[in-house]
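J.: The following block contains the structure, expressed as structure tokens.
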Amino acid sequence: MMIEKGSVYKYDKSVNSSFRDFVPDHYQYGYQMTAWSYAKYNPEMWKKALNLTAGAPFLMNPVNLSLRKSASLTKKKLFTETFDTLKILWTADDRRSESEPYEILNPPKGTNYLNYYSPVLAGNDSVIAVKTSLTDPPSFVLIRPSEKSEERIHIPGYGYPWFISYGKGKLVWVEKHSDPRWENREWSVIKIMDLKKKTVIQLTKKTRYMSASISADGNYVAVSENTIDNRNNLLILDAWNGNRLHKVEAPGNASLQKPRWDNSGKVISVIYLTEQGEGILKFNLTDNTWQTLI
């Protein structure tokens with residue numbers, strides 16, 4: 001937004017957000033503020049700010065008080081300083097390379113603020129994505145670029161962060177279901193939609209499966225699993241009945257995210273997360289071996 005529009009919203013709007021404009025949330029701008037402060041000031045100032053907040057919660061603004069004492073700063077001043085600096089750095093970086101032209105696939109929507117997540121190809125001239133807005137619940141939409149048309153095909157349950165997968169006329173996603181008795185317990189279940197029949201079935205019940213991906217032939221679903229004893233696995237399920245066909249332990253018990261099949265149906269790529277950071281793994285179903293790609 002800073003590069004595209006040449007400006008950034010003021011501190012008050014960033015903190016309070018907006019029902020009219022897209023405003024990055026507190027995590028996004030807070031991450032930049034923290035990173036800049038670590039680069040320029042003593043990193044201990046945040047430890048002091050947290051200690052004061054915990055030790056004197058009755059103060060009106062303990063973070064500002066601590067920042068002022070440590071570095072003659074306030075949150076607002078740090079915000080302005082951070083993004084003034086980033087504007088210079090990002091603008092210079094943007095000028096080093098030419099912008100790539102791109103084609104807008106979905107039809108224009110005027111001034112309404114919308115988001116489209118996890119787009120997947122669904123044929124030669126169709127794209128399915130998760131559409132969100134400030135006024136309507138999240139929905140799956142079928143976009144036909146050649147016709148400049150968009151059709152809502154389903155309103156799912158709660159499934160943030162959104163991740164959908166398509167294969168052989170089927171759409172697969174994960175929804176979170178709460179336990180009807182225990183407030184702090186929830187399940188993640190797999191659902192499949194047949195686009196031709198426009199029917200939706202729940203493939204699993206009371207499971208802890210995440211980030212489902214369906215194979216190109218529509219017969220198998222790859223999911224990441226985190227068990228109640230914190231073991232991470234890659235599972236292959238039957239896309240017709242949800243039966244578990246194959247279980248593979250994650251290397252080093254790494255957290256597995258967003259598996260993807262290749263077109264042959266013999267290789268699954270997956271993002272992994274460890275204490276050392278993120279990377280990409282590849283699992284070969286032919287010889288049951290893992291390979292680190294990144």
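Chain labels A, B, ... are given in the sequence in which chains occur in the structure tokens; within each chain residues are numbered consecutively from 1, and ligands are likewise numbered from 1 in the order shown.
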With only C-alpha atoms as the counted atoms, please give the residues lying no more than 7 Å from stretch 156-158 of chain A, apart from itself and same-chain residues fewer than 4 positions off, as a list in words.
T.: Ser139, Glu175 and Lys176 of chain A
J.: Any chance you could export the current selection's C-alpha atoms as a short mmCIF file (atom, residue, chain, number, x, y, z; two decimals), in the first residue's frame?
T.:
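File written: again_13.cif
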data_model
loop_
_atom_site.label_atom_id
_atom_site.label_comp_id
_atom_site.auth_asym_id
_atom_site.auth_seq_id
_atom_site.Cartn_x
_atom_site.Cartn_y
_atom_site.Cartn_z
CA SER A 139 -18.00 -17.72 0.71
CA GLU A 175 -13.70 -26.42 9.04
CA LYS A 176 -13.39 -25.99 12.80
#
J.: Which residues are near stretch 108-111 of chain A? Cut-off 10 Å, only C-alpha atoms, ignore same chain within fewer than 4 positions. Put them as a PyMOL selection string.
T.: chain A and resi 20-21+104+148-149
J.: Using only C-alpha atoms, which residue out of A:Val172, A:Leu281, A:Met210, A:Leu237 lies closest to A:Trp187?
T.: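 Nearest to A:Trp187: A:Met210.
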J.: Contacts of A:Gly123 at 12 Å or less, counting only C-alpha atoms, minus same-chain residues fewer than 5 places along, as a ChimeraX atom specification?
T.: /A:128,142-145,166-170,195,216
J.: Go through A:Ile192, A:Leu273, A:Leu86, A:Ala92 one by one, measure the shortest atom-to-atom distance of each to A:Tyr29 using only C-alpha atoms, and give the residue with the smallest value.
T.: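 Distance minimum relative to A:Tyr29 lands on A:Leu86.
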J.: Counting only C-alpha atoms, what is within 12 Å of A:Lys13, bar same-chain residues fewer than 6 positions away, as a list in words?
T.: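 Selected residues are Phe19, Arg20, Asp21, Phe22, Val23, Pro24, Asp25, His26, Tyr29, Lys76 and Phe79 of chain A.
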J.: Pick from A:Asp84, A:Ala122, A:Arg244, A:Gly252: nearest to A:Ser7, with only C-alpha atoms counted?
T.: A:Asp84
J.: Please produce, as CSV, a per-residue contact table for stretch 181-214 of chain A versus stretch 229-234 of chain A (criterion: any atom at most 12 Å away, only C-alpha atoms considered), showing the nearest atom pair and its distance in Å to one decimal, sorted by chain then residue number.
T.:
residue,atom,partner,partner_atom,distance
A:Arg208,CA,A:Asn232,CA,10.4
A:Tyr209,CA,A:Leu234,CA,9.4
A:Met210,CA,A:Leu234,CA,9.9
A:Ser211,CA,A:Leu234,CA,10.5
A:Ala212,CA,A:Leu234,CA,10.3
A:Ser213,CA,A:Leu234,CA,11.3
J.: Keeping only N, CA and C atoms, take the residues you just selected and write them out as a PDB file, in the first residue's frame.
T.:
ATOM      1  N   ARG A 208      -8.333 -34.083  14.077  1.00  0.00           N
ATOM      2  CA  ARG A 208      -7.414 -32.949  14.230  1.00  0.00           C
ATOM      3  C   ARG A 208      -6.596 -32.793  12.948  1.00  0.00           C
ATOM      4  N   TYR A 209      -7.315 -32.844  11.836  1.00  0.00           N
ATOM      5  CA  TYR A 209      -6.688 -32.709  10.525  1.00  0.00           C
ATOM      6  C   TYR A 209      -6.686 -31.247  10.088  1.00  0.00           C
ATOM      7  N   MET A 210      -5.651 -30.856   9.368  1.00  0.00           N
ATOM      8  CA  MET A 210      -5.528 -29.467   8.933  1.00  0.00           C
ATOM      9  C   MET A 210      -5.041 -29.408   7.497  1.00  0.00           C
ATOM     10  N   SER A 211      -5.319 -28.305   6.829  1.00  0.00           N
ATOM     11  CA  SER A 211      -4.762 -28.010   5.499  1.00  0.00           C
ATOM     12  C   SER A 211      -4.932 -29.171   4.526  1.00  0.00           C
ATOM     13  N   ALA A 212      -6.168 -29.514   4.218  1.00  0.00           N
ATOM     14  CA  ALA A 212      -6.434 -30.639   3.330  1.00  0.00           C
ATOM     15  C   ALA A 212      -6.154 -30.290   1.876  1.00  0.00           C
ATOM     16  N   SER A 213      -5.620 -31.275   1.127  1.00  0.00           N
ATOM     17  CA  SER A 213      -5.347 -31.103  -0.302  1.00  0.00           C
ATOM     18  C   SER A 213      -5.774 -32.366  -1.038  1.00  0.00           C
TER      19      SER A 213
END
J.: Pick from A:Gln32, A:Thr274, A:Ser188, A:Ser165: nearest to A:Lys258, with only C-alpha atoms counted?
T.: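 Nearest candidate to A:Lys258 out of A:Gln32, A:Thr274, A:Ser188, A:Ser165: A:Ser165.
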